[in-house]
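Asks: One structure, as structure tokens, below. Some questions next.
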Amino acid sequence: MKTKNKFNRMFRVLSFFLITFMQIYWYKISRKSEADWEKLWGDIGKRFRHLLFELEGLLIKVGQIISTRADLLPPAFIKEIEDLTDHVPPSEWSEIQEVLETEWGNRYKEKLLSIEKEAIASASIGEVYRGVLKSGSTVAIKVRRPHIHSVVQTDFRTLSIVIWFANHFAPLPKGFINLKVLFSELKQVIERELDFSKEKETLLYFRERFKDLDNVKIPTVYKELSTSKVLVMEWVDGIKITDVEEVGKLPITRKELAQRLIKVFLPQWLEAGKFHADPHPGNVLVSKEGHVILLDFGMAGEISKNDASAFQNLIESFLAKDYPKAVDCLSRLGFLLPEADTRIMERLLAEWMTFQPTQLTEMDLIALKLELNDMIQALPIQIPTRFVFLGRSFVTIEGIIQHLAPDEELLELGKSVFMEWLMHAGNKWSFIWQWLQSQPVFKFFHSVTEFLKAPQTFERIKEIEQRRQFQFTIYENRKKQLFQLTLFGLAAIVVGISISNPLVLKLSLGLSIIPVFGYIITSYKLKKWMKYMPEK
């Protein structure tokens, strides 16, 4: 691990972020052109990438998470960090041997027939070595990197300082990640990853979850040899899923392999339970028979029952073209900011659902993605922090699928897999009923239902407008009061000057300055709030 010195690591990270903040503020004050901003963000991305590769450790994972937020961060910055890999040079064998002796006892060699001293894989948290047990079984021995706990704690302390500074002083964009929540979640995930006994439990969980799925292979774990710093698993040979030449020799087509991958991950994203949060190509292999092999369960997220229910209700509402319900589901999941106008969101969803997948072949997908990012930034919507790791999992698998089957549409690939999952899901009749309701024969019943619901809808709209008007009145009254205080302070200044009383003059100056700043801040908040107000 490079740069183990705590103070040096902290200084390098803090100085980078401080310089970056100062540059951004200077560009905002100077009102630089878009070309200048793009160049600045590109330079920041290059320096950030260089810093990550130099310091490694936890910071690589932070960079990987940030690289998934293309909806909020400038494209020039994302371009520089989007292909970060968690590859770290292996430790000295003497240090690894010391860990094994501590965990298994000084006579650890009695448990092994042999062990290779060259690491097969090396990441920021652990290193994997190939060994053979006395029974003759070939195993993968994952050893926690020496001194990593100290490095991670240093990085956590540094990040906590950066986040505090960013929350108080940085001009973060609307809907940006809640840094405090993200830091708490990241800390929880990394601390779990540092404890290999937690990874063992997760691995056993996934083995149980996919035990009836023939096309998935998850290695067995040797419980008696596994500890908090050493994890011993079955050795599984596989082909890297991005190896085009070897994948082409498989008994199944690339399209079928892509569908198998969707079949493995779709339930993880839609059902309550744990999901693989780090499915990069090094952790997803393919056997010679075409089975999907999942490795490295150190980084795993979890979907709650409430979120899983909301996701499934969201799908139902899209099937039934019930856009008010879809907006309500998005609100439950936390994708809508409080100031979002539900009517505008319903209209946008209705327009987007008329979009045909076949049109994708005629469009510039890069331009479409940039347009979507601009729309997300302009609208009062956000990606909740608790879904950052879920989004990372989805984006990674999406990239692998596009690499496997570049000529296939993602929606078409997933349609049959989704229908198969739907027929096995416990609420399949609910989905079917929602689909039937969307058919033309039910249009009349839709109209009657909407007519009967009209009074409640109007009442809800009336209540929203009343709340908006009340909030507007609060802002206006506060501005009026601050303006009156400013006038009073100015009058007191005139009195202080006329009677030549320094004490009265100082008090009146303070009485004038405070409401002036308050007036400016309130006006800014009102302007920001009114940005999302409808014209009528």
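Identifiers in the structure tokens: chain A, B, ... in order shown; residue index from 1 per chain; ligand index from 1 in order shown.
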Extract the full set of helix (DSSP H, G or I) residues from stretch 187-348 of chain A according to DSSP on the backbone, and format it as a PyMOL selection string.

Replies: chain A and resi 187-194+196-209+223-225+244-247+254-270+305-319+323-333+342-348

Asks: Store the residues picked out above, limited to C-alpha atoms, as a compact mmCIF listing (two decimals), in the first residue's frame.

Replies:
# COMPACT_ATOMS: atom_id res chain seq x y z
CA LYS A 187 -18.28 3.44 6.32
CA GLN A 188 -20.73 0.67 7.16
CA VAL A 189 -20.05 -1.16 3.86
CA ILE A 190 -16.24 -0.88 4.15
CA GLU A 191 -16.24 -1.98 7.79
CA ARG A 192 -18.27 -5.03 6.75
CA GLU A 193 -15.80 -5.68 3.94
CA LEU A 194 -12.89 -5.53 6.41
CA PHE A 196 -14.27 -11.50 6.33
CA SER A 197 -16.67 -13.32 8.64
CA LYS A 198 -19.39 -10.97 7.30
CA GLU A 199 -18.41 -11.83 3.73
CA LYS A 200 -18.64 -15.52 4.65
CA GLU A 201 -22.23 -14.97 5.85
CA THR A 202 -23.10 -13.09 2.65
CA LEU A 203 -21.57 -15.83 0.49
CA LEU A 204 -23.63 -18.47 2.31
CA TYR A 205 -26.73 -16.28 1.86
CA PHE A 206 -26.24 -16.14 -1.93
CA ARG A 207 -25.55 -19.88 -2.14
CA GLU A 208 -28.88 -20.50 -0.44
CA ARG A 209 -30.67 -17.91 -2.59
CA LYS A 223 -16.13 -22.41 7.59
CA GLU A 224 -13.61 -24.15 9.86
CA LEU A 225 -10.67 -22.36 8.18
CA VAL A 244 -14.45 -11.71 -26.33
CA GLU A 245 -12.39 -14.51 -27.88
CA GLU A 246 -12.99 -17.06 -25.09
CA VAL A 247 -16.66 -16.14 -24.67
CA ARG A 254 -23.45 -13.95 -26.31
CA LYS A 255 -27.14 -12.94 -26.29
CA GLU A 256 -28.06 -15.98 -24.17
CA LEU A 257 -25.19 -15.23 -21.79
CA ALA A 258 -26.42 -11.62 -21.43
CA GLN A 259 -29.92 -12.91 -20.61
CA ARG A 260 -28.49 -15.30 -18.02
CA LEU A 261 -26.73 -12.37 -16.42
CA ILE A 262 -29.99 -10.41 -16.28
CA LYS A 263 -31.71 -13.47 -14.80
CA VAL A 264 -29.15 -13.55 -11.98
CA PHE A 265 -29.28 -9.84 -11.12
CA LEU A 266 -32.90 -8.82 -11.82
CA PRO A 267 -34.26 -10.50 -8.64
CA GLN A 268 -31.46 -8.88 -6.64
CA TRP A 269 -32.62 -5.43 -7.77
CA LEU A 270 -36.39 -5.97 -7.38
CA LYS A 305 -39.17 -4.85 2.11
CA ASN A 306 -40.71 -1.37 1.83
CA ASP A 307 -38.38 -0.35 -1.01
CA ALA A 308 -38.91 -3.67 -2.83
CA SER A 309 -42.68 -3.21 -2.54
CA ALA A 310 -42.41 0.36 -3.85
CA PHE A 311 -40.26 -0.77 -6.81
CA GLN A 312 -42.78 -3.47 -7.73
CA ASN A 313 -45.69 -1.03 -7.35
CA LEU A 314 -43.81 1.34 -9.64
CA ILE A 315 -43.60 -1.35 -12.32
CA GLU A 316 -47.31 -2.09 -11.86
CA SER A 317 -48.20 1.57 -12.30
CA PHE A 318 -46.18 1.77 -15.53
CA LEU A 319 -47.91 -1.36 -16.85
CA TYR A 323 -48.87 7.86 -13.72
CA PRO A 324 -50.24 9.45 -10.49
CA LYS A 325 -49.49 6.14 -8.76
CA ALA A 326 -46.04 6.05 -10.42
CA VAL A 327 -45.26 9.53 -9.10
CA ASP A 328 -46.47 8.48 -5.65
CA CYS A 329 -44.11 5.46 -5.75
CA LEU A 330 -41.20 7.68 -6.81
CA SER A 331 -42.02 9.97 -3.90
CA ARG A 332 -42.13 7.01 -1.46
CA LEU A 333 -38.73 5.88 -2.69
CA THR A 342 -46.71 16.09 -9.09
CA ARG A 343 -48.79 17.20 -12.09
CA ILE A 344 -45.69 18.14 -14.09
CA MET A 345 -44.03 14.83 -13.17
CA GLU A 346 -47.13 12.87 -14.23
CA ARG A 347 -47.15 14.62 -17.61
CA LEU A 348 -43.42 13.97 -18.13

Asks: Do a neighbour search on A:His403 at 9 Å with only C-alpha atoms, toss out local chain neighbours closer than 3 positions, and write the hits as a list in words.

Replies: Thr242, Val244, Glu398, Gly399, Ile400 and Pro406 of chain A

Asks: Just the number, please: distance in Å from atom CA of A:Asn8 to atom CA of A:Phe77, one decimal.

Replies: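 Taking atom CA of A:Asn8 as the start and atom CA of A:Phe77 as the end point, the length is 25.1 Å.
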
Asks: Which distance in Å separates atom CA of A:Leu133 and atom CA of A:Glu234, to one decimal?

Replies: 10.5 Å

Asks: Would you kindly return, as a ChimeraX atom specification, each protein, DNA or RNA residue with an atom no farther than 12 Å from any atom of A:Ala277, considering only C-alpha atoms and excluding same-chain residues fewer than 5 positions away?

Replies: /A:61,64-65,186,189-190,193,202,265,268-269,283-284,294-303,387-397

Asks: Can I get the selection written as a short mmCIF file (atom, residue, chain, number, x, y, z; two decimals), in the first residue's frame, with N, CA, C and O atoms?

Replies:
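Result file out_2.cif:
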data_model
loop_
_atom_site.label_atom_id
_atom_site.label_comp_id
_atom_site.auth_asym_id
_atom_site.auth_seq_id
_atom_site.Cartn_x
_atom_site.Cartn_y
_atom_site.Cartn_z
N LYS A 61 -12.22 3.17 -3.96
CA LYS A 61 -13.65 2.84 -3.89
C LYS A 61 -14.51 4.09 -3.90
O LYS A 61 -15.58 4.12 -4.49
N GLN A 64 -14.74 5.18 -7.42
CA GLN A 64 -15.64 4.32 -8.20
C GLN A 64 -17.09 4.72 -7.97
O GLN A 64 -17.90 4.71 -8.89
N ILE A 65 -17.44 5.06 -6.73
CA ILE A 65 -18.82 5.45 -6.42
C ILE A 65 -19.14 6.80 -7.06
O ILE A 65 -20.21 6.98 -7.65
N LEU A 186 -21.09 4.32 3.35
CA LEU A 186 -19.79 3.86 2.87
C LEU A 186 -18.98 3.26 4.02
O LEU A 186 -18.36 2.20 3.87
N VAL A 189 -20.38 -0.15 4.88
CA VAL A 189 -20.05 -1.16 3.86
C VAL A 189 -18.58 -1.57 3.95
O VAL A 189 -18.24 -2.76 3.91
N ILE A 190 -17.68 -0.58 4.09
CA ILE A 190 -16.24 -0.88 4.15
C ILE A 190 -15.90 -1.64 5.42
O ILE A 190 -15.08 -2.58 5.39
N GLU A 193 -16.74 -5.06 4.88
CA GLU A 193 -15.80 -5.68 3.94
C GLU A 193 -14.48 -6.02 4.64
O GLU A 193 -13.79 -6.98 4.25
N THR A 202 -22.47 -13.53 3.90
CA THR A 202 -23.10 -13.09 2.65
C THR A 202 -22.97 -14.15 1.57
O THR A 202 -23.90 -14.41 0.80
N PHE A 265 -29.29 -11.11 -11.85
CA PHE A 265 -29.28 -9.84 -11.12
C PHE A 265 -30.64 -9.17 -11.00
O PHE A 265 -30.86 -8.38 -10.08
N GLN A 268 -32.22 -9.60 -7.67
CA GLN A 268 -31.46 -8.88 -6.64
C GLN A 268 -31.88 -7.41 -6.57
O GLN A 268 -31.85 -6.79 -5.51
N TRP A 269 -32.27 -6.85 -7.72
CA TRP A 269 -32.62 -5.43 -7.77
C TRP A 269 -34.09 -5.18 -7.42
O TRP A 269 -34.43 -4.06 -7.04
N ASN A 283 -15.16 -9.91 -10.98
CA ASN A 283 -15.98 -10.67 -10.03
C ASN A 283 -17.08 -11.47 -10.69
O ASN A 283 -17.85 -12.16 -10.01
N VAL A 284 -17.22 -11.36 -12.01
CA VAL A 284 -18.24 -12.12 -12.75
C VAL A 284 -17.53 -12.91 -13.84
O VAL A 284 -17.05 -12.34 -14.83
N LEU A 294 -20.22 -16.07 -9.74
CA LEU A 294 -20.12 -14.84 -8.96
C LEU A 294 -19.05 -15.00 -7.88
O LEU A 294 -19.03 -16.00 -7.16
N LEU A 295 -18.19 -14.00 -7.78
CA LEU A 295 -17.11 -14.01 -6.79
C LEU A 295 -17.13 -12.72 -5.97
O LEU A 295 -17.75 -11.74 -6.36
N ASP A 296 -16.41 -12.73 -4.85
CA ASP A 296 -16.17 -11.55 -4.02
C ASP A 296 -17.46 -10.88 -3.57
O ASP A 296 -17.98 -9.96 -4.20
N PHE A 297 -17.95 -11.32 -2.41
CA PHE A 297 -19.18 -10.77 -1.84
C PHE A 297 -18.89 -9.82 -0.69
O PHE A 297 -19.74 -9.63 0.19
N GLY A 298 -17.69 -9.23 -0.70
CA GLY A 298 -17.33 -8.32 0.38
C GLY A 298 -18.18 -7.07 0.38
O GLY A 298 -18.56 -6.56 1.44
N MET A 299 -18.49 -6.55 -0.81
CA MET A 299 -19.32 -5.35 -0.90
C MET A 299 -20.72 -5.75 -1.35
O MET A 299 -20.94 -6.10 -2.51
N ALA A 300 -21.66 -5.72 -0.41
CA ALA A 300 -23.05 -6.09 -0.70
C ALA A 300 -23.98 -5.05 -0.10
O ALA A 300 -23.72 -4.50 0.96
N GLY A 301 -25.04 -4.76 -0.83
CA GLY A 301 -26.07 -3.85 -0.32
C GLY A 301 -27.31 -4.64 0.04
O GLY A 301 -27.37 -5.86 -0.12
N GLU A 302 -28.34 -3.94 0.52
CA GLU A 302 -29.56 -4.62 0.92
C GLU A 302 -30.77 -3.75 0.60
O GLU A 302 -30.76 -2.53 0.83
N ILE A 303 -31.79 -4.36 0.05
CA ILE A 303 -33.05 -3.68 -0.27
C ILE A 303 -34.07 -4.07 0.79
O ILE A 303 -34.30 -5.25 1.04
N PHE A 387 -29.60 4.33 -2.47
CA PHE A 387 -29.63 3.56 -3.72
C PHE A 387 -28.34 3.74 -4.53
O PHE A 387 -28.28 3.31 -5.68
N VAL A 388 -27.33 4.40 -3.95
CA VAL A 388 -26.09 4.63 -4.69
C VAL A 388 -25.44 3.30 -5.06
O VAL A 388 -25.01 3.09 -6.20
N PHE A 389 -25.36 2.37 -4.11
CA PHE A 389 -24.72 1.08 -4.37
C PHE A 389 -25.58 0.22 -5.31
O PHE A 389 -25.04 -0.53 -6.13
N LEU A 390 -26.90 0.34 -5.20
CA LEU A 390 -27.79 -0.37 -6.12
C LEU A 390 -27.60 0.16 -7.54
O LEU A 390 -27.52 -0.62 -8.49
N GLY A 391 -27.50 1.49 -7.66
CA GLY A 391 -27.26 2.09 -8.97
C GLY A 391 -25.92 1.66 -9.54
O GLY A 391 -25.79 1.41 -10.74
N ARG A 392 -24.92 1.57 -8.68
CA ARG A 392 -23.59 1.13 -9.13
C ARG A 392 -23.65 -0.30 -9.66
O ARG A 392 -23.04 -0.63 -10.69
N SER A 393 -24.38 -1.16 -8.96
CA SER A 393 -24.54 -2.55 -9.40
C SER A 393 -25.22 -2.60 -10.77
O SER A 393 -24.77 -3.30 -11.69
N PHE A 394 -26.29 -1.82 -10.93
CA PHE A 394 -27.04 -1.81 -12.18
C PHE A 394 -26.19 -1.28 -13.33
O PHE A 394 -26.16 -1.87 -14.42
N VAL A 395 -25.52 -0.15 -13.11
CA VAL A 395 -24.71 0.46 -14.17
C VAL A 395 -23.58 -0.48 -14.61
O VAL A 395 -23.28 -0.59 -15.81
N THR A 396 -22.97 -1.17 -13.65
CA THR A 396 -21.87 -2.10 -13.98
C THR A 396 -22.37 -3.25 -14.84
O THR A 396 -21.75 -3.60 -15.85
N ILE A 397 -23.49 -3.85 -14.44
CA ILE A 397 -24.05 -4.97 -15.22
C ILE A 397 -24.52 -4.49 -16.59
O ILE A 397 -24.36 -5.19 -17.59
#

Asks: For the atom pair atom CA of A:Val62 and atom CA of A:Pro279, what is the interatomic distance in Å to one decimal place?

Replies: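 These atoms are spaced 15.9 Å apart.
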
Asks: Looking at only C-alpha atoms, which of A:Gly45, A:Gly518, A:Gly496, A:Gly489 is the one that sits closest to A:Phe17?

Replies: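 Looking only at the distances to A:Phe17, the closest residue turns out to be A:Gly45.
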
Asks: Using only C-alpha atoms, tabulate the residues of stretch 222-254 of chain A lying at most 10 Å from any atom of stretch 112-128 of chain A, each with its closest atom pair and that distance in Å to one decimal, by chain and increasing residue number, as CSV.

Replies:
residue,atom,partner,partner_atom,distance
A:Lys229,CA,A:Gly126,CA,8.8
A:Val230,CA,A:Gly126,CA,9.1
A:Leu231,CA,A:Val128,CA,9.2
A:Val232,CA,A:Val128,CA,9.5

Asks: For A:Leu509, which residue out of A:Leu490, A:Val162, A:Ile474, A:Leu55 is the nearest one, using only C-alpha atoms?

Replies: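 Checking each candidate against A:Leu509, we get A:Leu490 as the closest.
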
Asks: Using only C-alpha atoms, which residues sit within 12 Å of A:Met22 once same-chain residues fewer than 2 positions away are excluded, as an MDAnalysis selection string?

Replies: chainID A and resid 15:20 24:29 40 44 166 169:171

Asks: If you run DSSP over the backbone, which residues in stretch 196-291 of chain A end up strand (DSSP E or B)? Put them as JSON, numbers by chain.

Replies: {"A": [216, 217, 221, 230, 231, 232, 233, 234, 239, 240, 273, 274, 275, 276, 284, 285, 286]}
